>>> print(open('coords12.txt').read())   # compact mmCIF, C-alpha atoms
# COMPACT_ATOMS: atom_id res chain seq x y z
CA MET A 1 33.67 -8.26 -101.13
CA LEU A 2 30.95 -6.51 -99.09
CA GLU A 3 29.17 -9.80 -98.47
CA ARG A 4 32.39 -11.43 -97.37
CA ASP A 5 33.19 -8.53 -95.07
CA GLU A 6 29.78 -8.89 -93.46
CA LEU A 7 30.31 -12.61 -93.08
CA ASP A 8 33.69 -12.00 -91.47
CA ILE A 9 32.12 -9.64 -88.94
CA GLU A 10 29.38 -12.14 -88.13
CA ALA A 11 31.92 -14.94 -87.72
CA SER A 12 33.90 -12.77 -85.33
CA ARG A 13 30.77 -12.09 -83.29
CA LEU A 14 29.97 -15.78 -83.13
CA ARG A 15 33.46 -16.60 -81.87
CA ASP A 16 33.28 -13.85 -79.25
CA ARG A 17 29.94 -15.17 -77.98
CA LEU A 18 31.28 -18.69 -77.92
CA ASN A 19 34.36 -17.72 -75.92
CA THR A 20 32.44 -15.45 -73.55
CA TYR A 21 29.89 -18.04 -72.50
CA THR A 22 31.85 -21.28 -72.64
CA MET A 23 35.31 -20.41 -71.27
CA ARG A 24 35.13 -21.05 -67.51
CA PRO A 25 38.52 -21.55 -65.87
CA SER A 26 36.78 -21.44 -62.46
CA HIS A 27 35.03 -24.79 -62.99
CA LEU A 28 35.43 -26.63 -59.66
CA ALA A 29 36.89 -30.11 -59.56
CA GLU A 30 34.89 -30.70 -56.35
CA ALA A 31 31.54 -30.33 -58.10
CA PRO A 32 29.19 -33.36 -58.35
CA LYS A 33 29.42 -35.80 -61.25
CA ARG A 34 26.38 -34.38 -63.04
CA VAL A 35 28.04 -30.96 -63.11
CA HIS A 36 31.18 -32.43 -64.65
CA GLU A 37 29.07 -34.21 -67.24
CA ALA A 38 27.31 -30.96 -68.10
CA TRP A 39 30.63 -29.14 -68.33
CA THR A 40 32.06 -31.88 -70.58
CA LYS A 41 29.06 -31.43 -72.87
CA VAL A 42 29.69 -27.68 -72.98
CA ARG A 43 33.33 -28.19 -73.90
CA GLU A 44 32.53 -30.80 -76.56
CA LEU A 45 29.96 -28.57 -78.26
CA ALA A 46 32.17 -25.48 -77.87
CA ASP A 47 35.15 -27.28 -79.42
CA ALA A 48 32.98 -28.49 -82.30
CA ALA A 49 31.70 -24.95 -82.87
CA SER A 50 35.23 -23.55 -82.73
CA ASP A 51 36.43 -26.17 -85.21
CA SER A 52 33.58 -25.29 -87.57
CA LEU A 53 34.54 -21.60 -87.41
CA ASP A 54 38.15 -22.54 -88.16
CA ALA A 55 36.98 -24.58 -91.15
CA TRP A 56 34.80 -21.67 -92.27
CA GLU A 57 37.81 -19.38 -92.30
CA MET A 58 39.59 -21.83 -94.59
CA LEU A 59 36.85 -21.42 -97.20
CA ASP A 60 38.02 -17.86 -97.83
CA HIS A 61 41.55 -19.12 -98.44
CA GLN A 62 40.15 -21.79 -100.74
CA GLY A 63 38.31 -19.13 -102.75
CA LYS A 64 41.49 -17.10 -103.12
CA ARG A 65 43.38 -20.17 -104.32
CA MET A 66 40.62 -20.86 -106.87
CA ASN A 67 40.84 -17.27 -108.12
CA SER A 68 44.61 -17.51 -108.45
CA ALA A 69 44.38 -20.84 -110.27
CA ARG A 70 41.76 -19.50 -112.71
CA GLN A 71 43.83 -16.39 -113.34
CA ALA A 72 46.88 -18.56 -114.05
CA GLU A 73 44.86 -20.57 -116.60
CA HIS A 74 43.82 -17.39 -118.44
CA ARG A 75 47.37 -16.07 -118.44
CA ALA A 76 48.79 -19.32 -119.77
CA TYR A 77 46.19 -19.29 -122.56
CA LEU A 78 46.90 -15.66 -123.46
CA GLU A 79 50.63 -16.35 -123.58
CA GLY A 80 50.06 -19.37 -125.76
CA LYS A 81 51.29 -21.73 -123.10
CA GLY A 82 48.08 -23.52 -122.34
CA PRO A 83 44.56 -24.35 -123.52
CA LYS A 84 41.64 -21.99 -123.18
CA PRO A 85 40.03 -22.26 -119.75
CA ARG A 86 36.93 -24.38 -119.93
CA GLY A 87 33.73 -24.36 -117.96
CA THR A 88 31.98 -21.49 -116.28
CA TYR A 89 33.83 -20.15 -113.29
CA LYS A 90 31.48 -19.00 -110.54
CA PRO A 91 33.16 -17.14 -107.71
CA MET A 92 29.73 -16.68 -106.18
CA ASP A 93 29.71 -20.42 -105.44
CA VAL A 94 32.43 -19.87 -102.83
CA ALA A 95 30.50 -16.97 -101.31
CA ALA A 96 27.38 -19.13 -101.14
CA ARG A 97 29.32 -21.95 -99.50
CA ARG A 98 30.74 -19.52 -96.95
CA ALA A 99 27.31 -18.14 -96.15
CA ASP A 100 25.82 -21.61 -95.74
CA ALA A 101 28.79 -22.84 -93.68
CA LEU A 102 28.45 -19.82 -91.41
CA LEU A 103 24.83 -20.76 -90.75
CA GLU A 104 26.05 -24.17 -89.61
CA CYS A 105 28.61 -22.43 -87.38
CA ALA A 106 25.85 -20.29 -85.87
CA ALA A 107 23.77 -23.39 -85.17
CA ARG A 108 26.73 -25.07 -83.44
CA VAL A 109 27.38 -21.97 -81.36
CA GLU A 110 23.73 -21.90 -80.27
CA LEU A 111 23.97 -25.55 -79.20
CA ALA A 112 27.07 -24.77 -77.15
CA LEU A 113 25.41 -21.75 -75.56
CA GLY A 114 22.35 -23.85 -74.72
CA ALA A 115 24.57 -26.39 -72.98
CA SER A 116 26.31 -23.55 -71.16
CA SER A 117 22.95 -22.18 -69.99
CA PHE A 118 21.98 -25.61 -68.63
CA TYR A 119 25.36 -25.83 -66.89
CA ASN A 120 24.79 -22.45 -65.24
CA GLN A 121 21.34 -23.51 -64.06
CA LEU A 122 22.84 -26.65 -62.60
CA LEU A 123 25.46 -24.66 -60.69
CA ALA A 124 22.72 -22.49 -59.17
CA GLU A 125 20.83 -25.49 -57.74
CA ARG A 126 21.07 -25.54 -53.97
CA ASP A 127 21.74 -29.27 -53.69
CA VAL A 128 24.62 -28.94 -56.14
CA MET A 129 26.13 -26.11 -54.11
CA GLU A 130 25.65 -28.09 -50.89
CA GLU A 131 27.34 -31.18 -52.32
CA THR A 132 30.23 -29.13 -53.65
CA ARG A 133 30.61 -27.34 -50.32
CA THR A 134 30.68 -30.68 -48.49
CA VAL A 135 33.61 -31.87 -50.59
CA LEU A 136 35.44 -28.57 -50.09
CA LEU A 137 34.81 -28.82 -46.33
CA SER A 138 36.44 -32.24 -46.26
CA LYS A 139 39.49 -30.79 -47.98
CA PHE A 140 39.55 -27.72 -45.74
CA ASP A 141 39.53 -29.69 -42.50
CA GLY A 142 43.10 -29.62 -41.15
CA LEU A 143 44.43 -27.99 -44.32
CA GLN A 144 45.52 -24.82 -42.54
CA ASP A 145 47.65 -26.75 -40.03
CA ARG A 146 49.15 -28.92 -42.76
CA THR A 147 49.94 -25.86 -44.83
CA LEU A 148 51.61 -24.18 -41.86
CA GLU A 149 53.72 -27.29 -41.29
CA ALA A 150 54.77 -27.24 -44.94
CA ILE A 151 55.59 -23.52 -44.69
CA ASN A 152 57.72 -24.13 -41.59
CA ALA A 153 59.55 -26.98 -43.33
CA ALA A 154 60.14 -24.80 -46.38
CA GLN A 155 61.37 -21.98 -44.12
CA ARG A 156 63.88 -24.30 -42.47
CA ALA A 157 65.06 -25.47 -45.89
CA PHE A 158 65.35 -21.86 -47.09
CA PHE A 159 67.48 -20.72 -44.17
CA ASN A 160 69.62 -23.86 -44.38
CA TRP A 161 70.27 -23.05 -48.04
CA LEU A 162 71.03 -19.44 -47.08
CA TYR A 163 73.46 -20.58 -44.36
CA VAL A 164 75.33 -22.93 -46.73
CA ARG A 165 75.30 -20.39 -49.54
CA ASP A 166 76.70 -17.55 -47.44
CA ASN A 167 79.43 -19.62 -45.81
CA LEU A 168 80.45 -21.25 -49.08
CA SER A 169 80.66 -17.83 -50.73
CA GLN A 170 82.74 -16.44 -47.86
CA LEU A 171 85.21 -19.34 -47.78
CA THR A 172 85.58 -19.29 -51.56
CA ALA A 173 86.38 -15.58 -51.39
CA ASP A 174 88.82 -16.09 -48.47
CA LEU A 175 90.69 -18.69 -50.51
CA GLY A 176 91.12 -16.16 -53.29
CA LEU A 177 89.15 -18.25 -55.76
CA GLY A 178 86.83 -17.02 -58.50
CA GLY A 179 88.20 -13.48 -58.67
CA GLY A 180 89.59 -13.78 -62.18
CA PRO A 181 92.47 -11.63 -63.44
CA THR A 182 91.25 -8.55 -61.56
CA GLY A 183 90.46 -10.33 -58.34
CA SER A 184 86.92 -8.89 -58.36
CA LEU A 185 84.29 -11.11 -56.83
CA PRO A 186 80.66 -11.13 -58.03
CA THR A 187 78.18 -8.86 -56.30
CA MET A 188 74.41 -9.31 -56.07
CA GLY A 189 73.32 -5.79 -56.95
CA ASN A 190 70.23 -3.94 -55.80
CA GLU A 191 67.68 -6.22 -57.45
CA LEU A 192 69.03 -9.41 -55.90
CA HIS A 193 69.30 -7.73 -52.49
CA ARG A 194 65.64 -6.76 -52.82
CA TRP A 195 64.69 -10.33 -53.69
CA PHE A 196 66.43 -11.68 -50.59
CA SER A 197 64.83 -9.03 -48.40
CA GLU A 198 61.34 -9.77 -49.72
CA ALA A 199 61.89 -13.53 -49.36
CA GLN A 200 62.91 -13.22 -45.71
CA ASP A 201 60.00 -10.88 -44.94
CA ALA A 202 57.55 -13.36 -46.47
CA TRP A 203 58.09 -16.06 -43.84
CA PRO A 204 56.82 -14.14 -40.78
CA ALA A 205 53.88 -12.82 -42.84
CA LEU A 206 52.91 -16.36 -43.84
CA GLU A 207 53.28 -17.58 -40.28
CA ARG A 208 51.07 -14.79 -38.95
CA LEU A 209 48.39 -15.52 -41.55
CA LEU A 210 48.38 -19.30 -41.24
CA GLY A 211 49.07 -19.36 -37.51
CA SER A 212 46.15 -17.08 -36.79
CA ASN A 213 42.81 -18.53 -35.84
CA HIS A 214 41.07 -15.42 -37.08
CA PRO A 215 37.68 -16.54 -38.45
CA VAL A 216 37.95 -14.40 -41.59
CA GLY A 217 41.68 -14.47 -42.28
CA SER A 218 41.83 -18.25 -41.95
CA GLY A 219 38.67 -18.76 -43.99
CA ARG A 220 37.27 -20.72 -41.03
CA TRP A 221 34.01 -18.75 -41.12
CA ALA A 222 33.01 -20.43 -44.39
CA ALA A 223 33.56 -23.88 -42.86
CA MET A 224 31.15 -23.29 -39.99
CA SER A 225 27.92 -25.26 -39.69
CA HIS A 226 24.57 -24.06 -40.94
CA ASP A 227 23.44 -23.35 -37.37
CA GLU A 228 26.57 -21.30 -36.69
CA LEU A 229 26.20 -19.35 -39.91
CA LYS A 230 22.46 -18.73 -39.56
CA ALA A 231 22.68 -17.65 -35.93
CA LYS A 232 22.01 -14.01 -35.08
CA PRO A 233 24.67 -12.79 -35.07
CA PRO A 234 26.63 -15.55 -36.86
CA VAL A 235 29.32 -17.23 -34.79
CA TRP A 236 32.10 -15.72 -36.88
CA ALA A 237 30.70 -12.24 -36.08
CA ARG A 238 30.61 -13.17 -32.38
CA GLU A 239 34.26 -14.19 -32.56
CA LEU A 240 35.11 -10.80 -34.02
CA LEU A 241 33.28 -9.15 -31.11
CA MET A 242 35.31 -11.28 -28.73
CA LEU A 243 38.49 -9.57 -29.95
CA ASN A 244 37.48 -6.58 -27.79
CA HIS A 245 38.54 -6.31 -24.13
CA PRO A 246 36.68 -8.48 -21.59
CA TRP A 247 34.56 -5.65 -20.13
CA SER A 248 33.53 -4.14 -23.43
CA ASP A 249 29.93 -3.75 -24.56
CA GLU A 250 30.72 -6.05 -27.49
CA ARG A 251 31.69 -8.92 -25.19
CA LYS A 252 28.57 -8.27 -23.07
CA GLN A 253 26.51 -8.52 -26.26
CA VAL A 254 27.95 -11.96 -26.96
CA ARG A 255 27.21 -13.02 -23.40
CA ARG A 256 23.57 -11.89 -23.65
CA VAL A 257 23.09 -13.75 -26.93
CA GLU A 258 24.59 -16.97 -25.62
CA MET A 259 22.67 -16.70 -22.35
CA LYS A 260 19.38 -16.43 -24.24
CA GLU A 261 20.34 -19.48 -26.30
CA ARG A 262 21.10 -21.46 -23.13
CA ALA A 263 17.74 -20.43 -21.69
CA GLU A 264 16.14 -21.90 -24.82
CA GLY A 265 18.19 -25.09 -24.43
CA ARG A 266 20.46 -24.35 -27.38
CA VAL A 267 24.24 -24.28 -27.68
CA VAL A 268 25.37 -22.45 -30.80
CA SER A 269 28.62 -21.05 -29.43
CA ALA A 270 30.41 -21.10 -26.09
CA LEU A 271 32.58 -18.02 -26.23
CA GLU A 272 31.35 -16.32 -23.06
CA VAL A 273 28.89 -18.77 -21.52
CA PRO A 274 29.83 -22.40 -20.72
CA ALA A 275 28.23 -24.94 -23.03
CA ASP A 276 27.06 -27.10 -20.10
CA MET A 277 25.00 -24.34 -18.45
CA SER A 278 21.45 -25.58 -17.91
CA PRO A 279 18.41 -23.66 -19.19
CA ALA A 280 17.31 -23.07 -15.61
CA GLU A 281 20.64 -21.52 -14.67
CA ALA A 282 20.56 -19.34 -17.77
CA ARG A 283 17.04 -18.11 -17.06
CA GLU A 284 18.02 -17.28 -13.51
CA LEU A 285 21.06 -15.29 -14.64
CA LEU A 286 19.51 -13.77 -17.74
CA PRO A 287 17.93 -10.69 -16.12
CA SER A 288 21.30 -9.64 -14.73
CA THR A 289 22.81 -9.67 -18.21
CA ARG A 290 20.31 -7.22 -19.69
>>> encode(input="coords12.txt", output="structure tokens")
Amino acid sequence: MLERDELDIEASRLRDRLNTYTMRPSHLAEAPKRVHEAWTKVRELADAASDSLDAWEMLDHQGKRMNSARQAEHRAYLEGKGPKPRGTYKPMDVAARRADALLECAARVELALGASSFYNQLLAERDVMEETRTVLLSKFDGLQDRTLEAINAAQRAFFNWLYVRDNLSQLTADLGLGGGPTGSLPTMGNELHRWFSEAQDAWPALERLLGSNHPVGSGRWAAMSHDELKAKPPVWARELLMLNHPWSDERKQVRRVEMKERAEGRVVSALEVPADMSPAEARELLPSTR
């Protein structure tokens, strides 16, 4: 039994390792084809390893059935109801089979983990991340506006349902219908009132979030170009500085940065300084912005 207990513990460890390194619900559908192929390989090998561990567990049940069958043969013989059991019964054969089968399971788990390691390396490649980001950018473009439109349509549908529901309930009550023998009409109770309150509060919150052009709240910062993101400071940070009042030091900082960029003939952002300002104009005005 000690050997079997040790095998059980090892099998449990193998399954834990398999699940830890091969279960990735965050796998992105937007990833390149080679990433999907690598992920498919991981899943195939992981499923095969999991199946082998399932089959290994069945060997223990098989051993118990063999023990029970052998015991039944001995009992039948002792009771005079059957022949004497023949052959040499070797319970250790089952233990040996379990040990060998577990080695196969371990090999399958290692193959799955190797495929998972390759998959992780692939995800870390810059060109893979760039390709995936490009696909996500194409999906992100205009998505906020479309989502807001869908939210507004859903809001109109919600309040239309609420209008019909309330008026139907009122007229049904005024007609004296649905009260039953006692005349008592149904009431919503505290929980339902809370649901309605939370539902109505959700609409303005969603509108504020989706209607805002805030670079962080909208996620727009992540969709900016490489030049905008690598600028010093990044354009999303400049936009946050622009939230201050027009005469603030933060707005002056943005103006200085953009003026220096114009003097160099570059247009990274045009939050304070017009994009069509010439380098000569910028150089002339630059000292006054220091």
>>> axis_aligned_box(input="coords12.txt", around="stretch 123-131 of chain A", padding_each_side="6 Å", output="AutoDock Vina command-line options")
--center_x 24.1 --center_y -26.8 --center_z -55.8 --size_x 18.5 --size_y 20.7 --size_z 21.8
>>> atom_distance(input="coords12.txt", atom1="atom CA of A:Ala199", atom2="atom CA of A:Lys139")
28.3 Å
>>> residues_around(input="coords12.txt", residues="A:Met259", least_positions_apart="4", cutoff="9 Å", atoms="only C-alpha atoms", output="list in words")
Val254, Arg255, Ala263, Glu264, Glu272, Val273, Met277, Pro279, Ala282, Arg283, Leu285, Leu286 and Thr289 of chain A
>>> closest_residue(input="coords12.txt", among="A:Ser26, A:Asn213, A:Asn160, A:Asn167", to="A:Leu123", atoms="all atoms listed in the file")
A:Ser26
>>> residues_around(input="coords12.txt", residues="stretch 29-41 of chain A", least_positions_apart="3", cutoff="9 Å", atoms="all atoms listed in the file", output="PDB file with C-alpha atoms, in the frame of the given file")
ATOM      1  CA  GLU A  44      32.530 -30.800 -76.560  1.00  0.00           C
ATOM      2  CA  LEU A  45      29.960 -28.570 -78.260  1.00  0.00           C
ATOM      3  CA  ALA A  46      32.170 -25.480 -77.870  1.00  0.00           C
ATOM      4  CA  ALA A 112      27.070 -24.770 -77.150  1.00  0.00           C
ATOM      5  CA  ALA A 115      24.570 -26.390 -72.980  1.00  0.00           C
ATOM      6  CA  SER A 116      26.310 -23.550 -71.160  1.00  0.00           C
ATOM      7  CA  PHE A 118      21.980 -25.610 -68.630  1.00  0.00           C
ATOM      8  CA  TYR A 119      25.360 -25.830 -66.890  1.00  0.00           C
ATOM      9  CA  LEU A 122      22.840 -26.650 -62.600  1.00  0.00           C
ATOM     10  CA  LEU A 123      25.460 -24.660 -60.690  1.00  0.00           C
ATOM     11  CA  VAL A 128      24.620 -28.940 -56.140  1.00  0.00           C
ATOM     12  CA  MET A 129      26.130 -26.110 -54.110  1.00  0.00           C
ATOM     13  CA  GLU A 131      27.340 -31.180 -52.320  1.00  0.00           C
ATOM     14  CA  THR A 132      30.230 -29.130 -53.650  1.00  0.00           C
ATOM     15  CA  ARG A 133      30.610 -27.340 -50.320  1.00  0.00           C
ATOM     16  CA  THR A 134      30.680 -30.680 -48.490  1.00  0.00           C
ATOM     17  CA  VAL A 135      33.610 -31.870 -50.590  1.00  0.00           C
ATOM     18  CA  LEU A 136      35.440 -28.570 -50.090  1.00  0.00           C
TER      19      LEU A 136
END
>>> atom_distance(input="coords12.txt", atom1="atom CA of A:Ser218", atom2="atom CA of A:Ser269")
18.4 Å
>>> atom_distance(input="coords12.txt", atom1="atom CA of A:Leu240", atom2="atom CA of A:Gly211")
16.7 Å
>>> closest_residue(input="coords12.txt", among="A:Gln200, A:Pro233, A:Gly219, A:Tyr77", to="A:Leu143", atoms="all atoms listed in the file")
A:Gly219
>>> closest_residue(input="coords12.txt", among="A:Val268, A:Ala76, A:Ala237, A:Leu192", to="A:Gln253", atoms="only C-alpha atoms")
A:Ala237
>>> closest_residue(input="coords12.txt", among="A:Leu7, A:Leu168, A:Leu209, A:Ala107", to="A:Asp145", atoms="all atoms listed in the file")
A:Leu209
>>> closest_residue(input="coords12.txt", among="A:Leu14, A:Leu111, A:Ala202, A:Leu175", to="A:Gln155", atoms="only C-alpha atoms")
A:Ala202
>>> closest_residue(input="coords12.txt", among="A:Gly87, A:His226, A:Asp16, A:Ala11", to="A:Ala101", atoms="all atoms listed in the file")
A:Ala11
>>> residues_near_point(input="coords12.txt", point="(34.7, -21.3, -94.1)", cutoff="12 Å", atoms="only C-alpha atoms", output="count of residues only")
30
>>> build_atoms(input="coords12.txt", residues="stretch 225-238 of chain A", atoms="N, CA, C and O atoms", output="PDB file, in the frame of the given file")
ATOM      1  N   SER A 225      29.160 -24.531 -39.418  1.00  0.00           N
ATOM      2  CA  SER A 225      27.920 -25.260 -39.690  1.00  0.00           C
ATOM      3  C   SER A 225      26.803 -24.305 -40.067  1.00  0.00           C
ATOM      4  O   SER A 225      26.899 -23.090 -39.876  1.00  0.00           O
ATOM      5  N   HIS A 226      25.725 -24.882 -40.569  1.00  0.00           N
ATOM      6  CA  HIS A 226      24.570 -24.060 -40.940  1.00  0.00           C
ATOM      7  C   HIS A 226      24.029 -23.306 -39.727  1.00  0.00           C
ATOM      8  O   HIS A 226      23.668 -22.126 -39.818  1.00  0.00           O
ATOM      9  N   ASP A 227      23.960 -24.005 -38.579  1.00  0.00           N
ATOM     10  CA  ASP A 227      23.440 -23.350 -37.370  1.00  0.00           C
ATOM     11  C   ASP A 227      24.336 -22.184 -36.964  1.00  0.00           C
ATOM     12  O   ASP A 227      23.841 -21.127 -36.554  1.00  0.00           O
ATOM     13  N   GLU A 228      25.638 -22.367 -37.076  1.00  0.00           N
ATOM     14  CA  GLU A 228      26.570 -21.300 -36.690  1.00  0.00           C
ATOM     15  C   GLU A 228      26.485 -20.112 -37.648  1.00  0.00           C
ATOM     16  O   GLU A 228      26.614 -18.965 -37.246  1.00  0.00           O
ATOM     17  N   LEU A 229      26.258 -20.415 -38.913  1.00  0.00           N
ATOM     18  CA  LEU A 229      26.200 -19.350 -39.910  1.00  0.00           C
ATOM     19  C   LEU A 229      24.862 -18.620 -39.904  1.00  0.00           C
ATOM     20  O   LEU A 229      24.790 -17.422 -40.213  1.00  0.00           O
ATOM     21  N   LYS A 230      23.795 -19.334 -39.549  1.00  0.00           N
ATOM     22  CA  LYS A 230      22.460 -18.730 -39.560  1.00  0.00           C
ATOM     23  C   LYS A 230      22.101 -18.073 -38.229  1.00  0.00           C
ATOM     24  O   LYS A 230      21.069 -17.419 -38.111  1.00  0.00           O
ATOM     25  N   ALA A 231      22.943 -18.258 -37.224  1.00  0.00           N
ATOM     26  CA  ALA A 231      22.680 -17.650 -35.930  1.00  0.00           C
ATOM     27  C   ALA A 231      22.702 -16.131 -36.039  1.00  0.00           C
ATOM     28  O   ALA A 231      23.277 -15.570 -36.971  1.00  0.00           O
ATOM     29  N   LYS A 232      22.069 -15.475 -35.078  1.00  0.00           N
ATOM     30  CA  LYS A 232      22.010 -14.010 -35.080  1.00  0.00           C
ATOM     31  C   LYS A 232      22.626 -13.481 -33.790  1.00  0.00           C
ATOM     32  O   LYS A 232      22.015 -13.624 -32.721  1.00  0.00           O
ATOM     33  N   PRO A 233      23.808 -12.878 -33.883  1.00  0.00           N
ATOM     34  CA  PRO A 233      24.670 -12.790 -35.070  1.00  0.00           C
ATOM     35  C   PRO A 233      25.375 -14.117 -35.340  1.00  0.00           C
ATOM     36  O   PRO A 233      25.436 -14.950 -34.444  1.00  0.00           O
ATOM     37  N   PRO A 234      25.902 -14.312 -36.558  1.00  0.00           N
ATOM     38  CA  PRO A 234      26.630 -15.550 -36.860  1.00  0.00           C
ATOM     39  C   PRO A 234      27.806 -15.721 -35.899  1.00  0.00           C
ATOM     40  O   PRO A 234      28.320 -14.749 -35.335  1.00  0.00           O
ATOM     41  N   VAL A 235      28.247 -16.962 -35.754  1.00  0.00           N
ATOM     42  CA  VAL A 235      29.320 -17.230 -34.790  1.00  0.00           C
ATOM     43  C   VAL A 235      30.606 -16.513 -35.186  1.00  0.00           C
ATOM     44  O   VAL A 235      31.350 -16.038 -34.323  1.00  0.00           O
ATOM     45  N   TRP A 236      30.872 -16.416 -36.488  1.00  0.00           N
ATOM     46  CA  TRP A 236      32.100 -15.720 -36.880  1.00  0.00           C
ATOM     47  C   TRP A 236      32.048 -14.248 -36.461  1.00  0.00           C
ATOM     48  O   TRP A 236      33.067 -13.670 -36.064  1.00  0.00           O
ATOM     49  N   ALA A 237      30.851 -13.632 -36.514  1.00  0.00           N
ATOM     50  CA  ALA A 237      30.700 -12.240 -36.080  1.00  0.00           C
ATOM     51  C   ALA A 237      30.884 -12.146 -34.564  1.00  0.00           C
ATOM     52  O   ALA A 237      31.444 -11.169 -34.052  1.00  0.00           O
ATOM     53  N   ARG A 238      30.415 -13.153 -33.828  1.00  0.00           N
ATOM     54  CA  ARG A 238      30.610 -13.170 -32.380  1.00  0.00           C
ATOM     55  C   ARG A 238      32.094 -13.251 -32.042  1.00  0.00           C
ATOM     56  O   ARG A 238      32.569 -12.589 -31.108  1.00  0.00           O
TER      57      ARG A 238
END
